[in-house]
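All remarks here apply to the structure that follows.
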Amino acid sequence: MAEAKKFSASDVLLHTTRDDCWLLIRGKVYDVTKFLDDHPGGEEVLLQASASGDATDAFETVGHSSSAETMMEGYLIGSVDGYVAPHMAAESVSRDSSSVKTNQPAVPPTSSFNPLPLLVIVLAIAAWYYFTVLSKNKE
């Protein structure tokens, strides 16, 4: 059995057109150009998945049958060297960012309305009215 060809993720992104369409799914690279017209979801789905860079999440979200998985092997042309699954990369970033301390609160405030400035203005107007208008009437 021949050794599978190795690609970089940027190599895959060079093939996102109707005439040359590759998909990256679970670290494997598939040339689906000849399958575009036959794809049950339409060619646009495959073209969008190709342009996304990594079609793993899109592929798994749809829930393809075992026969679709078997059919994919006919389009396999290689794999991406050093592939990290999208959800694994997101967990790594999340784990890294959670270790960094910030001065921001963990939970944003639920309300942005603060009645204190309005109360101060109302009291200031009431005090002005009392000392200017009512005090002149008492004289």
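Letters A, B, ... mark the chains of the structure tokens in the order given; residue numbers begin at 1 per chain; ligand numbers begin at 1, in order shown.
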For A:Leu23, please output as a ChimeraX atom specification all residues within 6 Å (counting only C-alpha atoms; exclusion window: fewer than 4 positions along the same chain). /A:29-30,50
Check the smallest atom-to-atom distance from each of A:Ser10, A:Thr33, A:Thr17, A:Thr132 to A:Leu76 using only C-alpha atoms, then report the winner.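 The shortest atom-to-atom distance to A:Leu76 comes from A:Thr33.
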Just checking: using only C-alpha atoms, which residue out of A:Ala127, A:Val62, A:Cys21, A:Val122 ends up closest to A:Gly41? A:Val62
Residue with smallest distance to A:Glu43 - pool A:Asp19, A:Asp11, A:Glu73, A:Glu60, counting only C-alpha atoms: A:Asp19
